[in-house]
$ cat protein_9.txt   # compact mmCIF, C-alpha atoms
# COMPACT_ATOMS: atom_id res chain seq x y z
CA MET A 285 -16.52 13.69 15.36
CA SER A 286 -17.26 17.41 15.47
CA ALA A 287 -16.94 17.61 11.68
CA VAL A 288 -19.53 14.83 11.30
CA PHE A 289 -21.85 16.61 13.72
CA GLU A 290 -21.48 19.95 11.91
CA SER A 291 -22.22 18.37 8.54
CA ALA A 292 -25.43 16.89 9.96
CA VAL A 293 -26.70 20.30 11.05
CA PRO A 294 -29.11 21.64 8.40
CA ALA A 295 -28.00 24.82 6.65
CA ALA A 296 -29.76 28.01 7.67
CA PRO A 297 -32.46 29.16 5.20
CA ARG A 298 -31.12 31.63 2.65
CA GLU A 299 -32.94 33.92 0.28
CA GLU A 300 -32.28 33.46 -3.43
CA ARG A 301 -33.72 36.34 -5.41
CA ILE A 302 -34.86 35.88 -9.00
CA GLU A 303 -32.76 37.80 -11.52
CA PHE A 304 -34.03 38.91 -14.92
CA THR A 305 -31.23 39.83 -17.31
CA ALA A 306 -33.25 40.56 -20.47
CA THR A 307 -32.89 44.04 -21.95
CA GLY A 308 -35.31 46.11 -23.97
CA SER A 309 -32.85 46.54 -26.85
CA GLU A 310 -32.25 42.79 -27.17
CA TYR A 311 -35.94 41.96 -26.99
CA PHE A 312 -36.79 44.74 -29.44
CA ARG A 313 -34.83 42.91 -32.17
CA ILE A 314 -36.70 39.68 -31.42
CA TRP A 315 -40.05 41.48 -31.18
CA ILE A 316 -39.77 43.42 -34.43
CA VAL A 317 -38.73 40.34 -36.44
CA ASN A 318 -41.51 38.29 -34.84
CA LEU A 319 -44.04 41.00 -35.62
CA LEU A 320 -43.03 41.42 -39.26
CA LEU A 321 -42.87 37.68 -39.98
CA THR A 322 -46.23 37.11 -38.26
CA ILE A 323 -47.82 39.79 -40.45
CA VAL A 324 -46.21 38.51 -43.66
CA THR A 325 -47.29 34.91 -42.95
CA LEU A 326 -50.82 35.95 -41.93
CA GLY A 327 -50.26 34.76 -38.37
CA ILE A 328 -48.66 31.39 -39.09
CA TYR A 329 -45.29 32.49 -37.74
CA SER A 330 -46.87 33.44 -34.39
CA ALA A 331 -46.13 29.94 -33.07
CA TRP A 332 -42.43 30.30 -33.86
CA ALA A 333 -42.55 33.85 -32.48
CA LYS A 334 -43.90 32.57 -29.18
CA VAL A 335 -41.15 29.96 -28.89
CA ARG A 336 -38.43 32.54 -29.63
CA ARG A 337 -39.89 34.96 -27.09
CA ASN A 338 -40.29 32.33 -24.37
CA GLN A 339 -36.83 30.88 -24.95
CA TYR A 340 -35.31 34.34 -24.58
CA PHE A 341 -37.27 35.24 -21.45
CA TYR A 342 -36.73 31.86 -19.81
CA ALA A 343 -32.99 31.96 -20.50
CA SER A 344 -32.90 35.48 -19.04
CA THR A 345 -34.56 34.37 -15.80
CA ARG A 346 -32.02 33.15 -13.26
CA LEU A 347 -32.38 31.65 -9.80
CA ALA A 348 -29.41 30.64 -7.64
CA GLY A 349 -27.05 31.02 -10.59
CA SER A 350 -29.03 28.86 -13.05
CA SER A 351 -31.41 29.80 -15.85
CA PHE A 352 -34.78 28.36 -16.82
CA GLU A 353 -35.41 26.70 -20.18
CA TYR A 354 -38.41 26.54 -22.49
CA HIS A 355 -38.93 23.40 -24.62
CA GLY A 356 -42.19 24.10 -26.49
CA LYS A 357 -42.24 23.12 -30.19
CA PRO A 358 -43.59 25.58 -32.81
CA LEU A 359 -45.51 22.96 -34.81
CA ALA A 360 -47.28 21.70 -31.69
CA ILE A 361 -48.30 25.26 -30.81
CA LEU A 362 -49.38 25.95 -34.40
CA ARG A 363 -51.68 22.90 -34.45
CA GLY A 364 -53.26 24.11 -31.26
CA ARG A 365 -53.75 27.59 -32.67
CA VAL A 366 -55.49 26.21 -35.72
CA VAL A 367 -58.00 24.53 -33.41
CA GLY A 368 -58.34 27.78 -31.48
CA VAL A 369 -59.02 29.78 -34.63
CA VAL A 370 -61.63 27.24 -35.74
CA LEU A 371 -63.46 27.38 -32.41
CA LEU A 372 -63.44 31.15 -31.99
CA GLY A 373 -63.95 31.76 -35.71
CA SER A 374 -67.02 29.52 -35.68
CA TYR A 375 -68.51 31.59 -32.90
CA GLN A 376 -67.88 34.89 -34.71
CA LEU A 377 -69.38 33.59 -37.95
CA ALA A 378 -72.42 32.17 -36.18
CA LEU A 379 -72.88 35.44 -34.27
CA ARG A 380 -72.88 37.38 -37.51
CA TYR A 381 -75.01 35.12 -39.72
CA HIS A 382 -77.14 33.05 -37.33
CA PRO A 383 -77.23 34.36 -33.73
CA PRO A 384 -79.20 31.39 -32.32
CA THR A 385 -76.43 29.05 -33.46
CA ALA A 386 -73.87 31.36 -31.84
CA GLY A 387 -75.40 30.61 -28.47
CA ILE A 388 -74.94 26.89 -29.03
CA VAL A 389 -71.33 27.40 -30.14
CA LEU A 390 -70.67 29.59 -27.10
CA ILE A 391 -72.04 26.90 -24.78
CA LEU A 392 -69.82 24.36 -26.54
CA ILE A 393 -66.74 26.56 -26.08
CA ALA A 394 -67.63 27.18 -22.43
CA GLY A 395 -67.96 23.44 -21.93
CA LEU A 396 -64.57 22.82 -23.52
CA MET A 397 -62.75 25.68 -21.79
CA PRO A 398 -61.97 23.87 -18.49
CA TRP A 399 -60.44 21.00 -20.45
CA LEU A 400 -58.47 23.45 -22.58
CA ILE A 401 -57.19 25.28 -19.50
CA TRP A 402 -56.20 21.94 -17.96
CA LYS A 403 -54.24 20.97 -21.09
CA SER A 404 -52.73 24.44 -21.18
CA LEU A 405 -51.39 24.13 -17.64
CA GLN A 406 -49.96 20.71 -18.46
CA PHE A 407 -48.29 21.94 -21.64
CA ALA A 408 -46.84 25.14 -20.13
CA LEU A 409 -45.30 23.39 -17.14
CA HIS A 410 -44.16 20.26 -18.98
CA ASN A 411 -42.22 22.44 -21.42
CA SER A 412 -40.49 24.43 -18.68
CA SER A 413 -37.38 23.27 -16.85
CA TYR A 414 -34.74 24.41 -14.37
CA ARG A 415 -31.34 22.76 -13.96
CA GLY A 416 -32.47 20.03 -16.34
CA VAL A 417 -35.52 19.15 -14.24
CA ARG A 418 -38.97 19.59 -15.78
CA PHE A 419 -42.00 21.10 -14.15
CA GLY A 420 -45.34 19.32 -14.34
CA PHE A 421 -49.03 19.56 -13.53
CA ARG A 422 -50.82 16.63 -11.90
CA GLY A 423 -54.31 18.13 -11.60
CA SER A 424 -57.15 16.11 -13.14
CA TRP A 425 -59.69 17.17 -15.73
CA LYS A 426 -62.39 16.72 -13.09
CA GLY A 427 -60.60 19.26 -10.90
CA ALA A 428 -60.37 21.63 -13.86
CA TYR A 429 -64.12 21.43 -14.48
CA LEU A 430 -64.83 22.04 -10.80
CA HIS A 431 -62.55 25.07 -10.53
CA TYR A 432 -63.07 26.66 -13.96
CA LEU A 433 -66.75 25.92 -14.56
CA GLY A 434 -68.55 24.71 -11.44
CA LEU A 435 -67.24 27.27 -8.95
CA PRO A 436 -67.53 30.28 -11.32
CA LEU A 437 -71.16 29.33 -12.03
CA LEU A 438 -71.77 29.13 -8.29
CA SER A 439 -70.16 32.55 -7.86
CA GLY A 440 -72.46 33.96 -10.53
CA LEU A 441 -75.52 32.56 -8.75
CA THR A 442 -74.45 34.41 -5.58
CA LEU A 443 -73.96 37.67 -7.54
CA GLY A 444 -70.21 37.53 -7.01
CA LEU A 445 -70.26 37.06 -3.23
CA LEU A 446 -68.30 33.84 -3.61
CA TYR A 447 -65.76 35.27 -6.04
CA PRO A 448 -62.92 35.68 -3.47
CA PHE A 449 -63.55 32.08 -2.40
CA VAL A 450 -63.43 30.93 -6.03
CA HIS A 451 -60.23 32.89 -6.64
CA GLN A 452 -58.57 31.26 -3.63
CA ARG A 453 -59.65 27.79 -4.73
CA VAL A 454 -58.44 28.33 -8.30
CA LYS A 455 -55.01 29.50 -7.11
CA ARG A 456 -54.83 26.58 -4.70
CA PHE A 457 -55.64 24.21 -7.57
CA GLN A 458 -53.03 25.77 -9.87
CA HIS A 459 -50.24 25.89 -7.31
CA SER A 460 -50.80 22.75 -5.25
CA GLU A 461 -51.24 20.57 -8.35
CA SER A 462 -47.97 21.81 -9.87
CA ARG A 463 -44.63 20.11 -9.31
CA PHE A 464 -40.93 20.54 -9.97
CA GLY A 465 -39.52 17.14 -10.69
CA ALA A 466 -41.02 14.93 -7.98
CA THR A 467 -41.40 17.81 -5.50
CA HIS A 468 -44.85 19.35 -5.30
CA PHE A 469 -45.81 22.94 -4.64
CA THR A 470 -48.17 23.73 -1.76
CA PHE A 471 -50.50 26.68 -1.25
CA ASP A 472 -51.88 27.66 2.16
CA ALA A 473 -53.36 31.16 1.75
CA PRO A 474 -56.64 31.25 3.73
CA VAL A 475 -59.91 32.28 2.12
CA GLY A 476 -60.28 35.05 4.68
CA LYS A 477 -57.27 36.94 3.31
CA PHE A 478 -58.79 36.90 -0.18
CA TYR A 479 -62.06 38.28 1.21
CA LYS A 480 -60.11 40.97 3.07
CA ALA A 481 -58.25 42.00 -0.10
CA TYR A 482 -61.44 42.13 -2.19
CA GLY A 483 -63.33 43.86 0.64
CA VAL A 484 -60.74 46.64 0.85
CA LEU A 485 -60.78 46.96 -2.96
CA LEU A 486 -64.58 47.30 -3.01
CA LEU A 487 -64.54 49.79 -0.14
CA LEU A 488 -61.93 51.97 -1.83
CA LEU A 489 -63.81 51.89 -5.14
CA VAL A 490 -67.13 52.83 -3.53
CA LEU A 491 -65.66 55.58 -1.34
CA GLY A 492 -63.54 56.96 -4.17
CA SER A 493 -66.49 57.04 -6.55
CA ALA A 494 -68.72 58.71 -3.95
CA VAL A 495 -66.11 61.36 -3.18
CA ALA A 496 -65.49 62.01 -6.88
CA ILE A 497 -69.22 62.44 -7.58
CA ALA A 498 -69.65 64.74 -4.56
CA ILE A 499 -66.68 66.93 -5.56
CA VAL A 500 -67.77 67.21 -9.20
CA ALA A 501 -71.37 68.01 -8.19
CA ALA A 502 -70.20 70.63 -5.69
CA LEU A 503 -67.84 72.29 -8.17
CA ALA A 504 -70.42 72.27 -10.96
CA GLY A 505 -73.06 73.71 -8.64
CA GLY A 506 -70.66 76.31 -7.30
CA PHE A 507 -69.65 77.34 -10.81
CA SER A 508 -73.29 77.84 -11.70
CA ALA A 509 -73.96 79.81 -8.48
CA LEU A 510 -71.08 82.16 -9.17
CA ASN A 511 -72.79 83.05 -12.41
CA GLY A 512 -76.13 83.73 -10.80
CA GLY A 513 -77.70 80.49 -11.93
CA SER A 514 -77.25 81.49 -15.54
CA THR A 515 -77.28 78.73 -18.13
CA ASP A 516 -75.37 80.57 -20.84
CA ILE A 517 -72.73 78.78 -22.89
CA LEU A 518 -69.84 79.80 -20.64
CA VAL A 519 -71.48 78.23 -17.59
CA ARG A 520 -72.23 75.02 -19.48
CA ALA A 521 -68.68 74.91 -20.80
CA GLY A 522 -67.31 75.37 -17.29
CA GLN A 523 -69.49 72.59 -15.92
CA THR A 524 -68.44 70.29 -18.78
CA LEU A 525 -64.80 71.02 -18.01
CA VAL A 526 -65.36 70.20 -14.33
CA VAL A 527 -66.99 66.87 -15.26
CA PHE A 528 -64.19 66.10 -17.74
CA VAL A 529 -61.42 66.82 -15.21
CA GLY A 530 -63.33 64.97 -12.50
CA PHE A 531 -63.66 61.88 -14.69
CA PHE A 532 -59.94 61.73 -15.39
CA GLY A 533 -59.18 62.32 -11.72
CA TRP A 534 -61.46 59.43 -10.80
CA TYR A 535 -59.89 57.26 -13.52
CA ALA A 536 -56.39 57.98 -12.17
CA TYR A 537 -57.59 57.04 -8.68
CA LEU A 538 -59.14 53.84 -10.05
CA LEU A 539 -55.85 52.84 -11.68
CA CYS A 540 -53.91 53.45 -8.46
CA VAL A 541 -56.38 51.28 -6.53
CA LEU A 542 -56.12 48.49 -9.09
CA TRP A 543 -52.31 48.63 -9.09
CA ALA A 544 -52.33 48.41 -5.31
CA PHE A 545 -54.70 45.44 -5.53
CA MET A 546 -52.42 43.70 -8.05
CA ALA A 547 -49.46 44.11 -5.70
CA VAL A 548 -51.46 42.84 -2.72
CA LEU A 549 -52.61 39.78 -4.67
CA GLN A 550 -49.13 38.88 -5.92
CA ASN A 551 -47.72 39.17 -2.40
CA LEU A 552 -50.63 37.22 -0.91
CA ILE A 553 -50.38 34.37 -3.41
CA TRP A 554 -46.62 33.91 -3.49
CA ASN A 555 -46.03 34.47 0.22
CA HIS A 556 -48.26 31.44 0.80
CA THR A 557 -46.64 29.18 -1.81
CA GLN A 558 -43.94 26.61 -1.07
CA LEU A 559 -41.91 24.11 -3.08
CA GLY A 560 -41.24 21.25 -0.71
CA PRO A 561 -39.37 22.86 2.23
CA HIS A 562 -38.58 25.99 0.20
CA ARG A 563 -40.96 28.94 0.42
CA PHE A 564 -41.47 31.95 -1.81
CA ARG A 565 -41.35 35.58 -0.75
CA SER A 566 -42.90 38.45 -2.72
CA THR A 567 -42.22 42.12 -1.92
CA MET A 568 -44.03 43.96 -4.69
CA LYS A 569 -44.91 47.61 -3.87
CA TRP A 570 -47.91 49.28 -5.45
CA THR A 571 -46.12 52.64 -5.71
CA SER A 572 -43.34 51.11 -7.79
CA LEU A 573 -45.90 49.23 -9.89
CA ALA A 574 -47.86 52.45 -10.51
CA GLY A 575 -44.73 54.36 -11.52
CA LEU A 576 -43.77 51.53 -13.87
CA TYR A 577 -47.14 51.42 -15.65
CA ILE A 578 -47.42 55.21 -15.89
CA THR A 579 -43.99 55.63 -17.47
CA ASN A 580 -44.53 52.62 -19.74
CA THR A 581 -47.85 53.98 -20.99
CA LEU A 582 -46.45 57.47 -21.66
CA ALA A 583 -43.42 56.04 -23.45
CA ILE A 584 -45.58 53.77 -25.64
CA ILE A 585 -47.79 56.72 -26.63
CA CYS A 586 -44.82 59.01 -27.36
CA THR A 587 -43.05 56.37 -29.50
CA LEU A 588 -46.22 55.29 -31.35
CA GLY A 589 -45.94 51.77 -29.95
CA LEU A 590 -42.24 51.15 -30.52
CA PHE A 591 -41.62 51.13 -26.77
CA ILE A 592 -43.86 48.08 -26.31
CA PRO A 593 -41.01 45.52 -26.10
CA PHE A 594 -39.11 47.75 -23.66
CA ALA A 595 -42.27 48.13 -21.55
CA HIS A 596 -42.77 44.35 -21.58
CA VAL A 597 -39.23 43.76 -20.33
CA ARG A 598 -39.51 46.44 -17.63
CA ALA A 599 -42.81 45.04 -16.32
CA LEU A 600 -41.60 41.44 -16.35
CA LYS A 601 -38.31 42.40 -14.69
CA TYR A 602 -40.07 44.15 -11.81
CA ARG A 603 -42.57 41.34 -11.32
CA LEU A 604 -39.92 38.61 -11.30
CA GLU A 605 -37.33 40.47 -9.24
CA SER A 606 -39.95 41.21 -6.60
CA THR A 607 -40.00 37.46 -5.91
CA ALA A 608 -37.44 35.37 -4.05
CA LEU A 609 -37.12 31.75 -2.96
CA VAL A 610 -36.19 31.14 0.66
CA VAL A 611 -34.13 27.96 0.31
CA ALA A 612 -34.12 25.48 3.19
CA GLY A 613 -31.31 23.05 2.45
CA SER A 614 -30.35 22.52 -1.20
CA LEU A 615 -32.25 22.90 -4.46
CA ASP A 616 -30.24 19.97 -5.82
CA ASP A 617 -32.21 17.60 -3.59
CA VAL A 618 -35.16 17.73 -6.00
CA VAL A 619 -35.66 14.45 -7.85
CA ALA A 620 -36.71 14.60 -11.48
CA ALA A 621 -39.96 12.90 -12.42
CA LYS A 622 -40.76 11.77 -15.92
CA GLY A 623 -44.04 12.77 -17.48
CA GLY A 624 -45.72 11.97 -20.78
CA ASP A 625 -45.99 14.49 -23.58
CA VAL A 626 -49.07 16.67 -23.61
CA ASN A 627 -50.46 18.58 -26.54
CA SER A 628 -50.57 22.34 -26.91
CA VAL A 629 -54.17 22.80 -28.02
CA GLY A 630 -55.27 24.11 -24.65
CA GLU A 631 -52.46 26.65 -24.34
CA SER A 632 -53.03 28.03 -27.82
CA VAL A 633 -56.80 28.44 -27.48
CA ALA A 634 -56.30 30.05 -24.09
CA ASP A 635 -53.90 32.56 -25.67
CA LEU A 636 -56.42 33.46 -28.37
CA ALA A 637 -59.20 33.85 -25.82
CA GLY A 638 -57.08 36.20 -23.73
CA ILE A 639 -57.04 34.01 -20.61
CA ASP A 640 -54.21 34.62 -18.19
CA LEU A 641 -52.95 31.28 -16.90
CA ALA A 642 -49.83 32.63 -15.22
CA LEU A 643 -49.10 30.90 -11.96

$ encode --input "protein_9.txt" --output "C-alpha cells"
Amino acid sequence: MSAVFESAVPAAPREERIEFTATGSEYFRIWIVNLLLTIVTLGIYSAWAKVRRNQYFYASTRLAGSSFEYHGKPLAILRGRVVGVVLLGSYQLALRYHPPTAGIVLILIAGLMPWLIWKSLQFALHNSSYRGVRFGFRGSWKGAYLHYLGLPLLSGLTLGLLYPFVHQRVKRFQHSESRFGATHFTFDAPVGKFYKAYGVLLLLLVLGSAVAIAIVAALAGGFSALNGGSTDILVRAGQTLVVFVGFFGWYAYLLCVLWAFMAVLQNLIWNHTQLGPHRFRSTMKWTSLAGLYITNTLAIICTLGLFIPFAHVRALKYRLESTALVVAGSLDDVVAAKGGDVNSVGESVADLAGIDLAL
C-alpha cells in the first residue's frame, strides 16, 4: 500500500541544463568546406551548407541525455532561396535603374514579409525534433500579419513608444503558438517588464552619452586653456586626440550597455516561458557575455577571420548552456502530434534579409 502511495506522489521538479558539445575544431572543418563549396558553386551549395551546419549543431545540443535533430532538406531550402534572391534582386535592380518602381517592389516585399516569417517559423520548427518528437508552429497567417506588420506600423506612428509592447506581443506570439508534439509552449512575461528593460536601456544610453560629451568638452576646453587659448596645430591635434579617445570610450560603454540589455532580454523571455508543466530558466550574465564578445572579436581580427567558426561555437555554447529546463514530472509524457509538410520559402528569404527568427 505504501509503495502504491509513494508511486502516486509526483516527482520533485529537477533542473536539466542544456549541454552543447560542439567544438571549434570540429566546426572549423565543416565551416571551411561549406565556405569553399559555396564560393565555387556561386552560392548554390549554401542550402546544403546550412543543413550540414544545423545537423551538427542540433546533434551537439543535449537535454536530459538526448540530442536534438534537424530534418530540413537542401533542395527545399534551395528553392526557397531562389525565390528570396528573385525578390531581393528585383528590389536592387529597380532601385538602381528605376527608383519609383523600387518603392512598389519594396511595398510588395513588406506585404509578403509577415507571410514569409510565418512560413519560416513553421518550417524551422517542423524540421526540428527531440527524442523523435517534432516541434511545430500553430500560429495563423492572420496572427503573423498582426504581429509583424500591423503592430510595427502602430509603433512607428507612436514614434517608438509602443515598441516594448510590440516586442512583448511578438515574443508571446512566437512562443505561445509553438508546440512540442501535442504540448504547447506558454509565455507570461508582462508588458511592464519589457518597458522597464527598454526604459533602463534608454536611460543608460542618454546618461552615458551626456557624460561622454561633457567629459570630452571639458578636456578639450582644458587643453586649449593650458595653451593660453592658442589655436596652433599642437592644440588642435590634442583636441582631436581627446575627441578620438572619447568616441572610442563612448563606443565601449555603448557595447557594454547593449550586452547587458541582451542578457536581460534573454533572461526575461526564457524565465517566462513554459512547456506544459515544465518551465525554462535562463541565467545569462552580461559580464560573461561582454568578455565572450570582446575575446571573440579580437581573435577574429588577429586571425584574419579564421576564428569565426570558433567564435560561433563559443557564443552558441554560452547562450545555450545559460538555459535550463526545470522538469516537473517526465519529459516522456509529451505526446507526438503529426503535422503537414511546410515549404522553406519563408525561412530562406528571411535568412537573406537578415531577419533573426530565433525563439

$ residues_around --input "protein_9.txt" --residues "region 297-314 of chain A" --least-positions-apart "2" --cutoff "10 Å" --atoms "only C-alpha atoms" --output "PyMOL selection string"
chain A and resi 294-295+316-319+333+336-337+340-351+561-566+590-598+600-614

$ closest_residue --input "protein_9.txt" --among "A:Ala496, A:Leu445, A:Leu552, A:Leu559" --to "Gly530 (chain A)" --atoms "only C-alpha atoms"
A:Ala496

$ atom_distance --input "protein_9.txt" --atom1 "CA of Ser374 (chain A)" --atom2 "CA of Pro398 (chain A)"
18.8 Å

$ atom_distance --input "protein_9.txt" --atom1 "CA of Ala428 (chain A)" --atom2 "CA of Ala547 (chain A)"
26.3 Å

$ residues_around --input "protein_9.txt" --residues "Phe449 (chain A)" --least-positions-apart "2" --cutoff "8 Å" --atoms "all atoms listed in the file" --output "PyMOL selection string"
chain A and resi 446-447+451-453+475+478-479

$ axis_aligned_box --input "protein_9.txt" --around "region 458-477 of chain A" --padding-each-side "8 Å" --output "JSON"
{"center_x": -49.9, "center_y": 25.9, "center_z": -3.0, "size_x": 36.8, "size_y": 38.0, "size_z": 31.4}

$ atom_distance --input "protein_9.txt" --atom1 "CA of Phe464 (chain A)" --atom2 "CA of Tyr414 (chain A)"
8.5 Å

$ residues_around --input "protein_9.txt" --residues "Phe531 (chain A)" --least-positions-apart "3" --cutoff "10 Å" --atoms "only C-alpha atoms" --output "MDAnalysis selection string"
chainID A and resid 493 496:497 500 525:528 534:537

$ residues_around --input "protein_9.txt" --residues "region 359-362 of chain A" --least-positions-apart "2" --cutoff "6 Å" --atoms "all atoms listed in the file" --output "PyMOL selection string"
chain A and resi 331+357+364-365+628

$ closest_residue --input "protein_9.txt" --among "A:Leu542, A:Asp472, A:Cys586, A:Gly373" --to "Asn555 (chain A)" --atoms "only C-alpha atoms"
A:Asp472

$ residues_around --input "protein_9.txt" --residues "Trp425 (chain A)" --least-positions-apart "6" --cutoff "9 Å" --atoms "only C-alpha atoms" --output "number ranges by chain"
A: 398-399, 402-403

$ closest_residue --input "protein_9.txt" --among "A:Gly423, A:Gly434, A:Ile578, A:Ser413" --to "Met397 (chain A)" --atoms "only C-alpha atoms"
A:Gly434
